[in-house]
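Visitor: Quick one, input29.cif (mmCIF, C-alpha atoms):
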data_input
#
loop_
_atom_site.label_atom_id
_atom_site.label_comp_id
_atom_site.auth_asym_id
_atom_site.auth_seq_id
_atom_site.Cartn_x
_atom_site.Cartn_y
_atom_site.Cartn_z
CA MET A 746 190.60 150.69 -10.10
CA ALA A 747 191.70 147.36 -8.63
CA GLU A 748 194.07 145.48 -10.91
CA ARG A 749 195.63 142.04 -10.95
CA SER A 750 199.06 143.50 -10.33
CA ASP A 751 197.89 145.56 -7.35
CA GLU A 752 200.58 146.29 -4.81
CA VAL A 753 199.01 146.96 -1.44
CA LYS A 754 201.11 147.87 1.58
CA LEU A 755 199.92 148.92 5.01
CA LEU A 756 202.14 151.05 7.23
CA GLY A 757 200.70 150.23 10.63
CA MET A 758 201.28 149.15 14.18
CA TRP A 759 200.21 145.93 15.78
CA ALA A 760 198.81 147.70 18.86
CA SER A 761 196.91 150.43 17.03
CA PRO A 762 193.13 149.99 16.70
CA PHE A 763 193.24 152.40 13.75
CA SER A 764 195.69 150.21 11.90
CA ARG A 765 193.63 147.09 12.72
CA ARG A 766 190.60 148.59 11.01
CA ILE A 767 192.47 148.59 7.73
CA GLU A 768 193.63 145.00 8.22
CA ILE A 769 190.04 143.93 8.84
CA ALA A 770 188.70 145.70 5.74
CA LEU A 771 191.40 144.33 3.43
CA THR A 772 190.96 140.82 4.86
CA LEU A 773 187.17 141.07 4.41
CA LYS A 774 187.66 142.02 0.77
CA GLY A 775 190.28 139.31 0.23
CA VAL A 776 192.89 141.85 -0.82
CA PRO A 777 196.43 140.51 -0.32
CA PHE A 778 198.65 143.09 1.38
CA GLU A 779 202.03 143.51 2.95
CA PHE A 780 202.01 144.73 6.55
CA SER A 781 204.88 146.99 7.54
CA GLU A 782 205.16 147.47 11.31
CA GLN A 783 206.19 151.04 12.09
CA ASP A 784 208.15 152.39 15.04
CA ILE A 785 206.59 155.65 16.28
CA THR A 786 209.67 156.49 18.26
CA ASN A 787 211.74 156.36 15.09
CA LYS A 788 209.56 157.19 12.10
CA SER A 789 210.61 155.60 8.83
CA PRO A 790 211.43 157.76 5.79
CA LEU A 791 208.58 155.96 3.95
CA LEU A 792 206.05 157.01 6.63
CA LEU A 793 207.29 160.62 6.66
CA LEU A 794 207.13 160.75 2.87
CA SER A 795 203.72 159.07 2.69
CA ASN A 796 201.96 161.14 5.33
CA PRO A 797 203.90 164.42 5.47
CA VAL A 798 200.95 166.30 7.02
CA HIS A 799 200.31 164.10 10.07
CA LYS A 800 203.30 161.71 10.04
CA LYS A 801 200.98 159.08 11.52
CA ILE A 802 199.94 155.52 10.87
CA PRO A 803 197.95 153.95 9.35
CA VAL A 804 198.93 154.72 5.77
CA LEU A 805 197.76 152.53 2.90
CA LEU A 806 200.01 152.45 -0.14
CA HIS A 807 198.12 151.28 -3.20
CA ASN A 808 200.45 150.90 -6.17
CA GLY A 809 202.69 153.43 -4.45
CA LYS A 810 199.97 156.05 -3.86
CA PRO A 811 199.53 156.88 -0.16
CA ILE A 812 196.19 157.31 1.64
CA SER A 813 196.06 158.43 5.29
CA GLU A 814 193.43 158.62 8.06
CA SER A 815 191.73 155.33 8.89
CA LEU A 816 188.17 156.42 8.05
CA VAL A 817 189.32 157.82 4.72
CA ILE A 818 191.25 154.61 3.99
CA LEU A 819 188.16 152.48 4.77
CA GLU A 820 186.08 154.50 2.31
CA TYR A 821 188.86 154.20 -0.27
CA ILE A 822 188.98 150.44 0.15
CA ASP A 823 185.20 150.23 -0.28
CA ASP A 824 185.31 152.48 -3.37
CA THR A 825 188.16 150.49 -4.92
CA TRP A 826 187.32 146.85 -4.15
CA GLN A 827 183.58 146.62 -4.44
CA ASN A 828 183.04 143.01 -3.31
CA ASN A 829 181.78 142.52 0.26
CA PRO A 830 180.67 146.15 0.65
CA ILE A 831 181.46 147.71 4.01
CA LEU A 832 179.18 150.74 3.72
CA PRO A 833 175.47 150.25 2.98
CA GLN A 834 174.27 151.22 -0.51
CA ASP A 835 171.33 153.38 0.58
CA PRO A 836 172.39 157.06 1.00
CA TYR A 837 170.56 157.46 4.31
CA GLU A 838 172.07 154.31 5.78
CA ARG A 839 175.49 155.40 4.51
CA ALA A 840 175.05 158.74 6.29
CA THR A 841 174.02 156.97 9.49
CA ALA A 842 177.10 154.73 9.33
CA ARG A 843 179.37 157.73 8.74
CA PHE A 844 177.74 159.55 11.65
CA TRP A 845 178.47 156.71 14.09
CA ALA A 846 182.00 156.26 12.79
CA LYS A 847 182.72 159.93 13.52
CA PHE A 848 181.07 159.51 16.91
CA VAL A 849 183.41 156.66 17.83
CA ASP A 850 186.52 158.62 16.81
CA GLU A 851 185.64 162.14 17.89
CA GLN A 852 183.66 161.39 21.04
CA ILE A 853 184.26 157.92 22.47
CA TYR A 854 187.96 157.66 21.61
CA VAL A 855 188.75 161.21 22.75
CA SER A 856 186.88 160.64 26.03
CA ALA A 857 188.39 157.18 26.60
CA MET A 858 191.89 158.56 26.08
CA LYS A 859 191.36 160.86 29.04
CA VAL A 860 190.75 157.86 31.31
CA VAL A 861 194.34 156.77 30.83
CA GLY A 862 196.66 158.54 33.23
CA LYS A 863 193.95 160.02 35.43
CA ILE A 864 193.37 158.92 39.04
CA GLY A 865 190.79 159.38 41.79
CA GLU A 866 187.81 161.66 41.35
CA GLU A 867 189.17 163.11 38.15
CA ARG A 868 189.21 159.63 36.66
CA ASP A 869 185.73 158.85 37.94
CA ALA A 870 184.42 161.89 36.06
CA VAL A 871 185.96 160.91 32.72
CA VAL A 872 184.88 157.29 33.14
CA GLU A 873 181.34 158.57 33.70
CA ALA A 874 181.54 160.82 30.64
CA THR A 875 182.81 157.92 28.50
CA ARG A 876 179.98 155.69 29.71
CA ASP A 877 177.45 158.37 28.77
CA LEU A 878 178.78 158.26 25.23
CA LEU A 879 178.84 154.46 25.17
CA LYS A 880 175.13 154.44 26.06
CA SER A 881 174.38 155.72 22.55
CA LEU A 882 176.25 152.75 21.10
CA GLU A 883 174.53 150.36 23.50
CA LYS A 884 171.14 151.68 22.31
CA GLU A 885 172.15 151.31 18.66
CA LEU A 886 172.87 147.60 19.22
CA VAL A 887 169.45 146.64 20.56
CA GLY A 888 167.96 143.94 18.34
CA LYS A 889 171.00 143.80 16.07
CA ASP A 890 173.82 141.26 15.69
CA PHE A 891 176.18 143.96 14.50
CA LEU A 892 176.16 147.74 14.22
CA GLY A 893 175.93 147.11 10.47
CA GLY A 894 172.80 144.96 11.04
CA LYS A 895 173.05 141.25 10.21
CA SER A 896 176.69 141.39 9.20
CA LEU A 897 179.90 143.25 9.94
CA GLY A 898 179.89 146.76 8.45
CA PHE A 899 181.69 150.09 8.47
CA VAL A 900 180.68 151.07 12.03
CA ASP A 901 181.59 147.63 13.41
CA ILE A 902 185.04 147.88 11.90
CA VAL A 903 185.48 151.37 13.32
CA ALA A 904 184.07 150.36 16.72
CA THR A 905 186.50 147.46 17.11
CA LEU A 906 188.33 150.30 18.85
CA VAL A 907 185.80 149.91 21.66
CA ALA A 908 185.77 146.12 21.58
CA PHE A 909 189.47 145.42 21.41
CA TRP A 910 191.23 148.59 22.47
CA LEU A 911 189.07 150.29 25.10
CA MET A 912 187.90 146.99 26.61
CA ARG A 913 191.52 145.86 26.89
CA THR A 914 192.88 149.19 28.02
CA GLU A 915 190.46 149.11 30.93
CA GLU A 916 192.20 145.96 32.15
CA ILE A 917 195.58 147.64 31.89
CA VAL A 918 194.60 150.85 33.67
CA GLY A 919 192.59 148.91 36.24
CA VAL A 920 189.18 150.48 35.80
CA LYS A 921 186.15 148.82 34.24
CA VAL A 922 184.76 151.43 31.83
CA VAL A 923 182.35 149.04 30.06
CA PRO A 924 180.96 146.68 32.74
CA VAL A 925 178.72 143.92 31.43
CA GLU A 926 175.86 144.79 33.82
CA MET A 927 175.72 148.28 32.35
CA PHE A 928 176.43 147.39 28.73
CA PRO A 929 174.98 143.93 27.98
CA GLU A 930 174.40 144.76 24.29
CA ILE A 931 178.00 145.84 23.75
CA HIS A 932 179.26 142.64 25.41
CA ARG A 933 176.91 140.53 23.24
CA TRP A 934 178.22 142.34 20.18
CA VAL A 935 181.85 141.67 21.16
CA LYS A 936 180.98 137.96 21.38
CA ASN A 937 179.45 138.13 17.90
CA LEU A 938 182.59 139.80 16.59
CA LEU A 939 184.81 137.12 18.10
CA GLU A 940 182.95 134.43 16.17
CA LEU A 941 183.87 135.95 12.82
CA GLY A 942 186.76 134.50 10.84
CA VAL A 943 188.02 137.92 9.84
CA ILE A 944 188.21 139.06 13.46
CA LYS A 945 189.90 135.84 14.57
CA LYS A 946 192.47 136.47 11.86
CA CYS A 947 193.06 140.17 12.60
CA TYR A 948 192.82 139.96 16.41
CA PRO A 949 194.42 136.58 17.11
CA SER A 950 194.51 135.38 20.72
CA ARG A 951 194.21 138.86 22.13
CA ARG A 952 191.14 138.15 24.24
CA MET B 524 166.46 158.48 -3.73
CA ALA B 525 165.59 162.05 -4.77
CA GLU B 526 161.91 162.46 -5.64
CA ARG B 527 159.75 165.18 -7.08
CA SER B 528 157.92 165.64 -3.81
CA ASP B 529 161.17 165.96 -1.82
CA GLU B 530 160.86 167.96 1.34
CA VAL B 531 164.23 169.38 2.30
CA LYS B 532 164.70 171.43 5.42
CA LEU B 533 167.94 172.74 6.91
CA LEU B 534 168.19 173.47 10.60
CA GLY B 535 171.05 175.93 10.62
CA MET B 536 172.43 179.23 11.73
CA TRP B 537 173.26 182.21 9.57
CA ALA B 538 176.64 182.73 11.24
CA SER B 539 177.76 179.09 11.20
CA PRO B 540 180.29 178.09 8.54
CA PHE B 541 179.13 174.48 9.01
CA SER B 542 175.57 175.39 8.17
CA ARG B 543 176.72 177.45 5.16
CA ARG B 544 178.40 174.40 3.69
CA ILE B 545 175.05 172.70 3.39
CA GLU B 546 173.43 175.77 1.83
CA ILE B 547 176.21 175.88 -0.77
CA ALA B 548 175.88 172.19 -1.65
CA LEU B 549 172.08 172.31 -1.96
CA THR B 550 172.26 175.50 -4.03
CA LEU B 551 174.92 173.97 -6.29
CA LYS B 552 172.66 170.97 -6.89
CA GLY B 553 169.60 173.16 -7.44
CA VAL B 554 167.73 171.47 -4.59
CA PRO B 555 164.99 173.73 -3.18
CA PHE B 556 165.07 173.80 0.63
CA GLU B 557 163.58 175.55 3.58
CA PHE B 558 166.08 177.19 5.93
CA SER B 559 165.16 177.19 9.59
CA GLU B 560 167.33 179.53 11.67
CA GLN B 561 168.03 177.96 15.05
CA ASP B 562 168.69 179.65 18.38
CA ILE B 563 171.53 177.85 20.21
CA THR B 564 170.63 179.53 23.47
CA ASN B 565 167.14 178.05 23.27
CA LYS B 566 167.24 174.82 21.29
CA SER B 567 164.07 173.93 19.42
CA PRO B 568 162.25 170.64 20.10
CA LEU B 569 162.81 169.75 16.41
CA LEU B 570 166.59 170.18 16.76
CA LEU B 571 166.72 168.14 19.99
CA LEU B 572 164.62 165.42 18.37
CA SER B 573 166.60 165.42 15.11
CA ASN B 574 170.08 165.35 16.62
CA PRO B 575 169.65 163.81 20.09
CA VAL B 576 173.32 162.77 20.25
CA HIS B 577 174.99 166.13 19.66
CA LYS B 578 172.04 168.58 19.77
CA LYS B 579 173.92 170.67 17.23
CA ILE B 580 173.29 172.34 13.90
CA PRO B 581 173.42 171.76 11.00
CA VAL B 582 170.78 169.09 10.60
CA LEU B 583 169.34 168.24 7.20
CA LEU B 584 165.82 166.85 7.20
CA HIS B 585 165.09 165.01 3.97
CA ASN B 586 161.47 163.91 3.85
CA GLY B 587 161.53 164.02 7.64
CA LYS B 588 164.67 161.90 8.06
CA PRO B 589 167.43 163.74 9.93
CA ILE B 590 171.13 163.74 9.02
CA SER B 591 173.72 165.44 11.24
CA GLU B 592 177.39 166.47 10.97
CA SER B 593 178.22 168.76 8.07
CA LEU B 594 180.72 166.44 6.34
CA VAL B 595 178.26 163.55 6.59
CA ILE B 596 175.47 165.75 5.21
CA LEU B 597 177.64 166.83 2.27
CA GLU B 598 178.33 163.19 1.38
CA TYR B 599 174.61 162.42 1.73
CA ILE B 600 173.70 165.28 -0.61
CA ASP B 601 176.23 164.03 -3.16
CA ASP B 602 174.96 160.44 -2.86
CA THR B 603 171.31 161.53 -3.20
CA TRP B 604 171.37 164.27 -5.87
CA GLN B 605 173.95 163.15 -8.34
CA ASN B 606 173.99 166.17 -10.68
CA ASN B 607 176.92 168.60 -10.26
CA PRO B 608 179.02 166.12 -8.27
CA ILE B 609 180.88 167.58 -5.30
CA LEU B 610 183.28 164.70 -4.72
CA PRO B 611 185.49 163.45 -7.56
CA GLN B 612 184.60 160.07 -9.10
CA ASP B 613 188.09 158.54 -8.88
CA PRO B 614 188.59 156.67 -5.57
CA TYR B 615 192.04 158.13 -4.98
CA GLU B 616 190.87 161.68 -5.64
CA ARG B 617 187.86 161.07 -3.39
CA ALA B 618 190.20 159.92 -0.62
CA THR B 619 192.37 163.01 -1.09
CA ALA B 620 189.32 165.28 -0.86
CA ARG B 621 188.11 163.52 2.31
CA PHE B 622 191.59 163.82 3.81
CA TRP B 623 191.68 167.60 3.32
CA ALA B 624 188.12 168.03 4.57
CA LYS B 625 189.07 166.28 7.83
CA PHE B 626 192.21 168.40 7.98
CA VAL B 627 190.17 171.62 7.80
CA ASP B 628 187.79 170.49 10.58
CA GLU B 629 190.10 168.62 12.90
CA GLN B 630 193.24 170.71 12.55
CA ILE B 631 192.65 174.19 11.13
CA TYR B 632 189.28 174.83 12.81
CA VAL B 633 190.39 173.46 16.18
CA SER B 634 193.57 175.55 16.06
CA ALA B 635 191.78 178.69 14.83
CA MET B 636 189.23 178.42 17.64
CA LYS B 637 192.06 178.74 20.14
CA VAL B 638 193.00 182.13 18.69
CA VAL B 639 189.70 183.58 19.86
CA GLY B 640 189.89 184.74 23.48
CA LYS B 641 193.66 184.46 23.81
CA ILE B 642 195.92 187.49 24.20
CA GLY B 643 199.61 188.35 24.15
CA GLU B 644 202.26 185.66 23.77
CA GLU B 645 199.74 182.90 24.22
CA ARG B 646 197.83 184.18 21.23
CA ASP B 647 200.99 184.60 19.17
CA ALA B 648 201.74 180.90 19.69
CA VAL B 649 198.31 179.69 18.52
CA VAL B 650 198.34 182.10 15.57
CA GLU B 651 201.70 180.64 14.59
CA ALA B 652 200.38 177.08 14.95
CA THR B 653 197.31 177.91 12.82
CA ARG B 654 199.51 179.43 10.12
CA ASP B 655 201.64 176.29 10.07
CA LEU B 656 198.50 174.30 9.27
CA LEU B 657 197.34 176.80 6.68
CA LYS B 658 200.65 176.39 4.86
CA SER B 659 199.51 172.90 3.80
CA LEU B 660 196.37 174.42 2.26
CA GLU B 661 198.42 177.18 0.61
CA LYS B 662 200.63 174.52 -1.00
CA GLU B 663 197.59 172.54 -2.20
CA LEU B 664 196.33 175.61 -4.08
CA VAL B 665 199.43 176.21 -6.21
CA GLY B 666 198.45 176.05 -9.89
CA LYS B 667 194.77 175.47 -9.13
CA ASP B 668 191.72 177.72 -9.36
CA PHE B 669 190.00 175.77 -6.59
CA LEU B 670 190.93 173.04 -4.13
CA GLY B 671 188.69 170.83 -6.28
CA GLY B 672 190.79 171.76 -9.36
CA LYS B 673 189.05 173.74 -12.13
CA SER B 674 185.73 174.01 -10.29
CA LEU B 675 184.29 174.20 -6.80
CA GLY B 676 184.41 170.83 -5.02
CA PHE B 677 184.02 169.11 -1.64
CA VAL B 678 187.18 170.61 -0.10
CA ASP B 679 186.35 174.11 -1.32
CA ILE B 680 182.91 173.91 0.26
CA VAL B 681 184.43 172.67 3.52
CA ALA B 682 187.22 175.26 3.42
CA THR B 683 184.79 178.18 3.03
CA LEU B 684 185.28 177.98 6.80
CA VAL B 685 188.74 179.44 6.21
CA ALA B 686 187.62 181.93 3.56
CA PHE B 687 184.53 183.34 5.23
CA TRP B 688 184.76 182.43 8.89
CA LEU B 689 188.43 182.48 9.88
CA MET B 690 189.26 185.38 7.55
CA ARG B 691 186.37 187.38 9.05
CA THR B 692 186.98 186.30 12.62
CA GLU B 693 190.52 187.67 12.37
CA GLU B 694 189.04 191.11 11.75
CA ILE B 695 186.81 190.78 14.80
CA VAL B 696 189.53 189.57 17.19
CA GLY B 697 192.00 192.05 15.71
CA VAL B 698 194.77 189.72 14.58
CA LYS B 699 195.65 188.89 10.97
CA VAL B 700 195.99 185.10 10.93
CA VAL B 701 196.07 184.78 7.12
CA PRO B 702 198.02 187.79 5.82
CA VAL B 703 198.12 188.14 2.02
CA GLU B 704 201.95 188.37 1.93
CA MET B 705 202.18 184.98 3.64
CA PHE B 706 199.25 183.30 1.89
CA PRO B 707 198.91 184.70 -1.63
CA GLU B 708 197.39 181.44 -2.96
CA ILE B 709 194.64 181.38 -0.30
CA HIS B 710 193.78 185.01 -1.06
CA ARG B 711 193.66 184.28 -4.81
CA TRP B 712 191.36 181.32 -4.09
CA VAL B 713 189.02 183.49 -1.97
CA LYS B 714 188.76 185.89 -4.95
CA ASN B 715 187.89 182.94 -7.20
CA LEU B 716 185.22 181.82 -4.73
CA LEU B 717 183.68 185.29 -4.63
CA GLU B 718 183.19 185.25 -8.40
CA LEU B 719 180.92 182.19 -8.22
CA GLY B 720 177.16 182.66 -8.32
CA VAL B 721 176.61 180.01 -5.65
CA ILE B 722 178.94 181.79 -3.23
CA LYS B 723 177.41 185.19 -3.97
CA LYS B 724 174.05 183.67 -3.16
CA CYS B 725 175.11 181.85 0.04
CA TYR B 726 177.50 184.52 1.36
CA PRO B 727 175.77 187.73 0.26
CA SER B 728 177.49 191.06 0.97
CA ARG B 729 179.54 189.64 3.82
CA ARG B 730 182.92 190.73 2.46
#
Using C-alpha cells, write down the structure that the file contains.
Guide:
Amino acid sequence: MAERSDEVKLLGMWASPFSRRIEIALTLKGVPFEFSEQDITNKSPLLLLSNPVHKKIPVLLHNGKPISESLVILEYIDDTWQNNPILPQDPYERATARFWAKFVDEQIYVSAMKVVGKIGEERDAVVEATRDLLKSLEKELVGKDFLGGKSLGFVDIVATLVAFWLMRTEEIVGVKVVPVEMFPEIHRWVKNLLELGVIKKCYPSRR
Amino acid sequence: MAERSDEVKLLGMWASPFSRRIEIALTLKGVPFEFSEQDITNKSPLLLLSNPVHKKIPVLLHNGKPISESLVILEYIDDTWQNNPILPQDPYERATARFWAKFVDEQIYVSAMKVVGKIGEERDAVVEATRDLLKSLEKELVGKDFLGGKSLGFVDIVATLVAFWLMRTEEIVGVKVVPVEMFPEIHRWVKNLLELGVIKKCYPSRR
C-alpha cells in the first residue's frame, strides 16, 4: 500500500469543491502531494490520459496510477493511508456516512447548480427546493460538532461543498440560499470547520 | 457485526434492478432474508419510516436498522458479512470497481432512462449516446469472464442493470440498444452471468 517513495499528484482546480475534498483528505493524513492546477478550457494530455471516461478533475495519481471521482478517491485515500481514518469503522456508521455523501452530491449539489443562472420565480422555486434538501443536513447536525460527530469525517469533507462553495456562490449570484435564521446548525458547523488547521490550510483566506 | 440471530429484511420490488442487486449480494453471501415487495403507488409506513429522505426502495433492514441506496447497501453487506467478498481487497482495485459502479448508475442508467418514451430522431440520439457509454463497459470486458475478473464482483452485480433491465427494456420499447454485433463482449458476459447459480436464483426464467 503506502510506501516511503510514494509519488502523489493531484490534478485539480483551485475553485473546485471536488478537488478541495482531496486536498483536505491528503492534508489530514499528512500525505505529501504535488498539486497540478488544470485548465478546463484546455485539457492537458495527462488529464485526458488519466481520466479518459469523464475527462474531469479531480484525478489522483498515486505512483502513476490514476483514480477519478472525488468520492472514490476519498475512499481510496482512506483504504491506502490508514492513519486519521475519515470513514467510521462500524459498518452501519460507514453506510450512513456514504448515504449522506451521495446525498450532498446527487441532491444538494444538483439542486444548487440550478440556482445559478436562473432568475425571478424560476429561481425562487429552485432556491426553495435546495433549502428543502439542506433541512436534512441541518437536522443531522443537531447536537454534533461535525457531521462525523466529534471530529471531521467523510461527510464533513464532502459537505465542504456546501460550506465553501454553495455559501460563497450565493454571494456571487446574489441570493441567500442558506440564511443563518433558517439554518443555524449549518452556520455553527461552518464556524467549527473554520477553526480546524486542515481547513485553514486548504481554504486559506476565502471567507 | 453479523450475529446468529440476525434479522435481515429487504424492502424491494421484483421489477427493480436496484433491488435485485441486494438480493444477489445476500444470496451470494448465504445470508437468509425476508423479501418485502413494496408498492410504489402506495408507499408503506415502514418504507416511509426507513427511508424518510428519499422514500425509495431498496431499503435493507438489518436488525431493524435501515440502510438505503443500493450501492451503499452493497458496501454495507460486504463490510458486515465478510465471506465471499464482493469488492476486491486491493485499494486500487476497489477504487476501480467503485468508479465503474458509479459509471453504471450515473451515466448508463441515466442515459438509458431517456430512451424510454422518446421516439424518432430524438430517440436515435439518446440510443447513440447510451451506446457510446456502453462502449466503455464493452472494452472493460475484453479478456475477462466477469467485470470482477474470474468471478462475479461488485461491478457485475451493479451492471446486472444492463444485463437484465436495459437488455429487457429494449425489447419492450422496441429498439435494440445493445445489439450483439456491436457489443459481443457484453453479450458473452450476460451468458456467463446466466450460468451462475446465484443469478439463476435471483433472475429466474426472465430471459
Visitor: With a cut-off of 7 Å and counting all atoms listed in the file, select all residues of chain A in contact with chain B and give the selection as a CSV table (one decimal) with C-alpha atoms, keeping the file's coordinate frame.
Guide:
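File result_6.csv, as written:
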chain,number,residue,atom,x,y,z
A,812,ILE,CA,196.2,157.3,1.6
A,814,GLU,CA,193.4,158.6,8.1
A,817,VAL,CA,189.3,157.8,4.7
A,821,TYR,CA,188.9,154.2,-0.3
A,824,ASP,CA,185.3,152.5,-3.4
A,825,THR,CA,188.2,150.5,-4.9
A,836,PRO,CA,172.4,157.1,1.0
A,837,TYR,CA,170.6,157.5,4.3
A,840,ALA,CA,175.0,158.7,6.3
A,843,ARG,CA,179.4,157.7,8.7
A,844,PHE,CA,177.7,159.6,11.6
Visitor: For a quick check of understanding, using all atoms listed in the file, which of A:Gly898, A:Met927, A:Cys947, A:Leu793 has the smallest distance to A:Ser764?
Guide: A:Cys947
Visitor: If we count only C-alpha atoms, what is near stretch 666-669 of chain B at a cut-off of 10 Å, once residues fewer than 4 positions away on the same chain are taken out, given as a VMD selection string?
Guide: chain B and resid 662 673 to 676 678 to 679 708 to 709 711 to 716
Visitor: How would the residues just picked look written out with C-alpha atoms as an mmCIF file, in the coordinates of the input?
Guide:
data_model
loop_
_atom_site.group_PDB
_atom_site.id
_atom_site.type_symbol
_atom_site.label_atom_id
_atom_site.label_comp_id
_atom_site.auth_asym_id
_atom_site.auth_seq_id
_atom_site.Cartn_x
_atom_site.Cartn_y
_atom_site.Cartn_z
ATOM 1 C CA LYS B 662 200.630 174.520 -1.000
ATOM 2 C CA LYS B 673 189.050 173.740 -12.130
ATOM 3 C CA SER B 674 185.730 174.010 -10.290
ATOM 4 C CA LEU B 675 184.290 174.200 -6.800
ATOM 5 C CA GLY B 676 184.410 170.830 -5.020
ATOM 6 C CA VAL B 678 187.180 170.610 -0.100
ATOM 7 C CA ASP B 679 186.350 174.110 -1.320
ATOM 8 C CA GLU B 708 197.390 181.440 -2.960
ATOM 9 C CA ILE B 709 194.640 181.380 -0.300
ATOM 10 C CA ARG B 711 193.660 184.280 -4.810
ATOM 11 C CA TRP B 712 191.360 181.320 -4.090
ATOM 12 C CA VAL B 713 189.020 183.490 -1.970
ATOM 13 C CA LYS B 714 188.760 185.890 -4.950
ATOM 14 C CA ASN B 715 187.890 182.940 -7.200
ATOM 15 C CA LEU B 716 185.220 181.820 -4.730
#
Visitor: With the file shown as input, list the residues that the PyMOL selection byres ((chain B and resi 682) around 9) selects, as a count of residues only.
Guide: 16
Visitor: Report the Cα RMSD between chain A and chain B after least-squares superposition, pairing every C-alpha atom in order.
Guide: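 My reading of the C-alpha RMSD is 0.0 Å.
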Visitor: Taking the file above as input, evaluate the PyMOL selection byres ((chain A and resi 875) around 9) and report the hits as a ChimeraX atom specification.
Guide: /A:852-857,860,870-874,876-880,922
Visitor: When the PyMOL selection byres ((chain B and resi 561) around 8) is applied to the structure above, which residues does it catch, written out as a PyMOL selection string?
Guide: chain B and resi 534-536+559-560+562-563+566-567+580
Visitor: Measuring atom to atom with all atoms listed in the file, identify which of A:Leu755, A:Ala760, A:Leu791, A:Leu911 is nearest to A:Val776.
Guide: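 Distance minimum relative to A:Val776 lands on A:Leu755.
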Visitor: How many Å lie between atom CA of B:Ile609 and atom CA of B:Gly672, rounded to one decimal?
Guide: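 Separation between atom CA of B:Ile609 and atom CA of B:Gly672: 11.5 Å.
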Visitor: What is the atom CA of A:Pro929-atom CA of A:Glu916 distance in Å, reported with one decimal?
Guide: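 Atom-to-atom, atom CA of A:Pro929 and atom CA of A:Glu916 are spaced 17.8 Å apart.
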Visitor: Calculate how many Å separate atom CA of A:Phe780 from atom CA of A:Val753, rounding to one decimal.
Guide: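 These atoms are spaced 8.8 Å apart.
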